[in-house]
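The next block holds one structure in the form of structure tokens; read it before the comments.
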Amino acid sequence: MTMPVPAAGRRSRHGRYIWIGAAALLLAASLAIRFFLIEPRGIGILCLENAPWWCGPRELVVRGSLADLWGIAALAFGALALLRRWPVAAGLAVGFGLLGLVLYNAGLASVGFLLGLLSLLRR
């Protein structure tokens, strides 16, 4: 016989599923950006010759990766999440951490990802 789960427990479990789903979607989008827009040599050559409209956002993502933007953002939001216990900052830390892990910023992004994950799990 199972015990009924209180309404508060169902809400928090439902919230966790939303965070997990959002993280999975962001991971899939990051992988698609990496493997279909950044890594193919033909895409880079096309953006050098006659840049289509999507080369501008691609260039911003590449420059953000070179500047370690995703790792710095993940670390900042992860520290904020732990210090202030703000769930939105924890979610952003996990999101930017995943983005940084996929887009070549593994150092700082992994620390920010873990801080955000720790903050989400502490709730």
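Residues are referred to by chain and number: the chain letter is A, B, ... according to the order shown in the structure tokens, the number counts from 1 in that chain, and ligands are numbered separately from 1 in the order shown.
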Residues near stretch 64-81 of chain A, cut-off 8 Å, only C-alpha atoms, skip fewer than 3 positions along chain, as a JSON list (two decimals) with N, CA and C atoms, in the first residue's frame:
[["chain", "number", "residue", "atom", "x", "y", "z"],
["A", 60, "LEU", "N", 28.20, 35.35, -33.37],
["A", 60, "LEU", "CA", 28.08, 35.73, -31.96],
["A", 60, "LEU", "C", 28.29, 34.53, -31.03],
["A", 61, "VAL", "N", 27.75, 33.37, -31.42],
["A", 61, "VAL", "CA", 27.94, 32.17, -30.61],
["A", 61, "VAL", "C", 29.41, 31.77, -30.58],
["A", 84, "ARG", "N", 22.06, 32.97, -2.80],
["A", 84, "ARG", "CA", 20.72, 33.56, -2.61],
["A", 84, "ARG", "C", 19.59, 32.54, -2.61],
["A", 85, "ARG", "N", 19.91, 31.29, -2.96],
["A", 85, "ARG", "CA", 18.88, 30.23, -3.06],
["A", 85, "ARG", "C", 17.76, 30.63, -4.01],
["A", 86, "TRP", "N", 18.16, 31.15, -5.13],
["A", 86, "TRP", "CA", 17.22, 31.62, -6.15],
["A", 86, "TRP", "C", 17.11, 30.54, -7.22],
["A", 87, "PRO", "N", 15.95, 29.88, -7.37],
["A", 87, "PRO", "CA", 15.84, 28.76, -8.31],
["A", 87, "PRO", "C", 16.02, 29.17, -9.77],
["A", 88, "VAL", "N", 15.66, 30.39, -10.12],
["A", 88, "VAL", "CA", 15.84, 30.83, -11.51],
["A", 88, "VAL", "C", 17.32, 30.92, -11.83],
["A", 89, "ALA", "N", 18.13, 31.42, -10.90],
["A", 89, "ALA", "CA", 19.58, 31.48, -11.11],
["A", 89, "ALA", "C", 20.16, 30.08, -11.22],
["A", 90, "ALA", "N", 19.63, 29.14, -10.44],
["A", 90, "ALA", "CA", 20.10, 27.76, -10.53],
["A", 90, "ALA", "C", 19.79, 27.17, -11.90],
["A", 92, "LEU", "N", 19.37, 28.86, -14.67],
["A", 92, "LEU", "CA", 20.24, 29.53, -15.65],
["A", 92, "LEU", "C", 21.67, 28.99, -15.57],
["A", 93, "ALA", "N", 22.13, 28.68, -14.36],
["A", 93, "ALA", "CA", 23.47, 28.10, -14.21],
["A", 93, "ALA", "C", 23.55, 26.74, -14.89],
["A", 94, "VAL", "N", 22.54, 25.94, -14.71],
["A", 94, "VAL", "CA", 22.51, 24.63, -15.37],
["A", 94, "VAL", "C", 22.44, 24.82, -16.89],
["A", 95, "GLY", "N", 21.60, 25.75, -17.34],
["A", 95, "GLY", "CA", 21.45, 25.98, -18.78],
["A", 95, "GLY", "C", 22.73, 26.49, -19.42],
["A", 96, "PHE", "N", 23.33, 27.53, -18.85],
["A", 96, "PHE", "CA", 24.58, 28.05, -19.40],
["A", 96, "PHE", "C", 25.72, 27.03, -19.23],
["A", 97, "GLY", "N", 25.65, 26.24, -18.16],
["A", 97, "GLY", "CA", 26.65, 25.19, -17.98],
["A", 97, "GLY", "C", 26.58, 24.15, -19.08],
["A", 99, "LEU", "N", 25.29, 24.60, -22.06],
["A", 99, "LEU", "CA", 25.70, 25.28, -23.29],
["A", 99, "LEU", "C", 27.22, 25.37, -23.36],
["A", 100, "GLY", "N", 27.85, 25.73, -22.25],
["A", 100, "GLY", "CA", 29.29, 25.82, -22.23],
["A", 100, "GLY", "C", 29.99, 24.48, -22.37],
["A", 103, "LEU", "N", 29.70, 23.72, -26.06],
["A", 103, "LEU", "CA", 30.34, 24.69, -26.95],
["A", 103, "LEU", "C", 31.73, 25.09, -26.47],
["A", 104, "TYR", "N", 32.52, 24.12, -26.05],
["A", 104, "TYR", "CA", 33.95, 24.29, -25.84],
["A", 104, "TYR", "C", 34.36, 25.15, -24.65],
["A", 105, "ASN", "N", 33.51, 25.36, -23.66],
["A", 105, "ASN", "CA", 33.87, 26.10, -22.45],
["A", 105, "ASN", "C", 33.75, 25.21, -21.23],
["A", 106, "ALA", "N", 34.34, 24.04, -21.28],
["A", 106, "ALA", "CA", 34.10, 23.03, -20.25],
["A", 106, "ALA", "C", 34.64, 23.41, -18.88],
["A", 107, "GLY", "N", 35.69, 24.20, -18.79],
["A", 107, "GLY", "CA", 36.30, 24.51, -17.49],
["A", 107, "GLY", "C", 35.36, 25.20, -16.53],
["A", 108, "LEU", "N", 35.05, 26.44, -16.81],
["A", 108, "LEU", "CA", 34.17, 27.21, -15.92],
["A", 108, "LEU", "C", 32.72, 26.72, -16.01],
["A", 109, "ALA", "N", 32.32, 26.27, -17.19],
["A", 109, "ALA", "CA", 30.92, 25.84, -17.36],
["A", 109, "ALA", "C", 30.61, 24.63, -16.48],
["A", 110, "SER", "N", 31.55, 23.72, -16.33],
["A", 110, "SER", "CA", 31.29, 22.55, -15.50],
["A", 110, "SER", "C", 31.12, 22.94, -14.03],
["A", 111, "VAL", "N", 31.91, 23.89, -13.56],
["A", 111, "VAL", "CA", 31.77, 24.34, -12.17],
["A", 111, "VAL", "C", 30.42, 25.04, -11.98],
["A", 112, "GLY", "N", 30.05, 25.92, -12.91],
["A", 112, "GLY", "CA", 28.76, 26.60, -12.82],
["A", 112, "GLY", "C", 27.60, 25.63, -12.92],
["A", 113, "PHE", "N", 27.73, 24.63, -13.80],
["A", 113, "PHE", "CA", 26.69, 23.61, -13.94],
["A", 113, "PHE", "C", 26.50, 22.86, -12.63],
["A", 114, "LEU", "N", 27.60, 22.45, -12.01],
["A", 114, "LEU", "CA", 27.50, 21.71, -10.74],
["A", 114, "LEU", "C", 26.94, 22.58, -9.61],
["A", 115, "LEU", "N", 27.33, 23.85, -9.57],
["A", 115, "LEU", "CA", 26.77, 24.74, -8.54],
["A", 115, "LEU", "C", 25.26, 24.90, -8.72],
["A", 116, "GLY", "N", 24.83, 25.08, -9.97],
["A", 116, "GLY", "CA", 23.40, 25.19, -10.23],
["A", 116, "GLY", "C", 22.65, 23.91, -9.90],
["A", 119, "SER", "N", 22.33, 23.54, -6.20],
["A", 119, "SER", "CA", 21.31, 24.44, -5.69],
["A", 119, "SER", "C", 19.91, 23.92, -5.97]]
Stretch 2-114 of chain A: residues DSSP assigns to helix (DSSP H, G or I), reported as an MDAnalysis selection string
chainID A and resid 7:38 41:49 55:66 69:84 87:102 106:114
What would the file look like if the residues just selected were written as a short mmCIF file (atom, residue, chain, number, x, y, z; two decimals), in the first residue's frame with C-alpha atoms?
data_model
loop_
_atom_site.label_atom_id
_atom_site.label_comp_id
_atom_site.auth_asym_id
_atom_site.auth_seq_id
_atom_site.Cartn_x
_atom_site.Cartn_y
_atom_site.Cartn_z
CA ALA A 7 0.08 18.36 -2.93
CA ALA A 8 3.31 20.22 -2.14
CA GLY A 9 5.34 17.10 -2.98
CA ARG A 10 3.55 16.70 -6.31
CA ARG A 11 4.24 20.32 -7.20
CA SER A 12 7.93 20.07 -6.42
CA ARG A 13 8.21 16.82 -8.36
CA HIS A 14 6.37 18.42 -11.27
CA GLY A 15 8.77 21.37 -11.12
CA ARG A 16 11.74 19.03 -11.27
CA TYR A 17 10.35 17.40 -14.40
CA ILE A 18 10.01 20.82 -16.01
CA TRP A 19 13.66 21.64 -15.18
CA ILE A 20 14.83 18.27 -16.52
CA GLY A 21 12.81 18.71 -19.71
CA ALA A 22 14.11 22.24 -20.24
CA ALA A 23 17.70 21.05 -19.70
CA ALA A 24 17.20 18.21 -22.20
CA LEU A 25 15.83 20.63 -24.81
CA LEU A 26 18.72 23.03 -24.25
CA LEU A 27 21.22 20.19 -24.53
CA ALA A 28 19.66 19.07 -27.82
CA ALA A 29 19.68 22.64 -29.16
CA SER A 30 23.32 23.12 -28.10
CA LEU A 31 24.35 19.90 -29.82
CA ALA A 32 22.48 20.92 -32.97
CA ILE A 33 24.18 24.34 -32.98
CA ARG A 34 27.59 22.73 -32.51
CA PHE A 35 27.32 19.93 -35.04
CA PHE A 36 25.21 21.64 -37.73
CA LEU A 37 26.21 25.32 -37.55
CA ILE A 38 29.66 25.66 -35.97
CA ARG A 41 33.76 23.51 -42.62
CA GLY A 42 31.37 24.30 -45.48
CA ILE A 43 29.22 26.47 -43.21
CA GLY A 44 32.27 28.49 -42.13
CA ILE A 45 33.36 29.01 -45.74
CA LEU A 46 29.83 30.01 -46.76
CA CYS A 47 29.76 32.62 -43.98
CA LEU A 48 33.07 34.06 -45.22
CA GLU A 49 31.98 34.41 -48.84
CA CYS A 55 25.85 33.89 -40.07
CA GLY A 56 25.54 36.87 -37.71
CA PRO A 57 24.05 34.86 -34.81
CA ARG A 58 26.50 32.02 -35.58
CA GLU A 59 29.39 34.46 -35.32
CA LEU A 60 28.08 35.73 -31.96
CA VAL A 61 27.94 32.17 -30.61
CA VAL A 62 31.49 31.48 -31.80
CA ARG A 63 32.81 34.72 -30.30
CA GLY A 64 30.97 34.00 -27.05
CA SER A 65 32.67 30.61 -26.91
CA LEU A 66 36.08 32.14 -27.58
CA LEU A 69 31.07 33.71 -22.03
CA TRP A 70 29.02 30.57 -21.37
CA GLY A 71 31.34 29.39 -18.60
CA ILE A 72 31.48 32.79 -16.91
CA ALA A 73 27.69 33.10 -17.03
CA ALA A 74 27.24 29.58 -15.63
CA LEU A 75 29.68 30.27 -12.81
CA ALA A 76 28.09 33.62 -11.95
CA PHE A 77 24.55 32.22 -11.92
CA GLY A 78 25.69 29.13 -9.99
CA ALA A 79 27.30 31.26 -7.28
CA LEU A 80 24.21 33.47 -7.14
CA ALA A 81 21.98 30.42 -6.85
CA LEU A 82 23.95 29.01 -3.95
CA LEU A 83 24.28 32.31 -2.10
CA ARG A 84 20.72 33.56 -2.61
CA PRO A 87 15.84 28.76 -8.31
CA VAL A 88 15.84 30.83 -11.51
CA ALA A 89 19.58 31.48 -11.11
CA ALA A 90 20.10 27.76 -10.53
CA GLY A 91 18.23 26.95 -13.72
CA LEU A 92 20.24 29.53 -15.65
CA ALA A 93 23.47 28.10 -14.21
CA VAL A 94 22.51 24.63 -15.37
CA GLY A 95 21.45 25.98 -18.78
CA PHE A 96 24.58 28.05 -19.40
CA GLY A 97 26.65 25.19 -17.98
CA LEU A 98 25.21 22.76 -20.51
CA LEU A 99 25.70 25.28 -23.29
CA GLY A 100 29.29 25.82 -22.23
CA LEU A 101 30.03 22.11 -21.91
CA VAL A 102 28.84 21.51 -25.45
CA ALA A 106 34.10 23.03 -20.25
CA GLY A 107 36.30 24.51 -17.49
CA LEU A 108 34.17 27.21 -15.92
CA ALA A 109 30.92 25.84 -17.36
CA SER A 110 31.29 22.55 -15.50
CA VAL A 111 31.77 24.34 -12.17
CA GLY A 112 28.76 26.60 -12.82
CA PHE A 113 26.69 23.61 -13.94
CA LEU A 114 27.50 21.71 -10.74
#
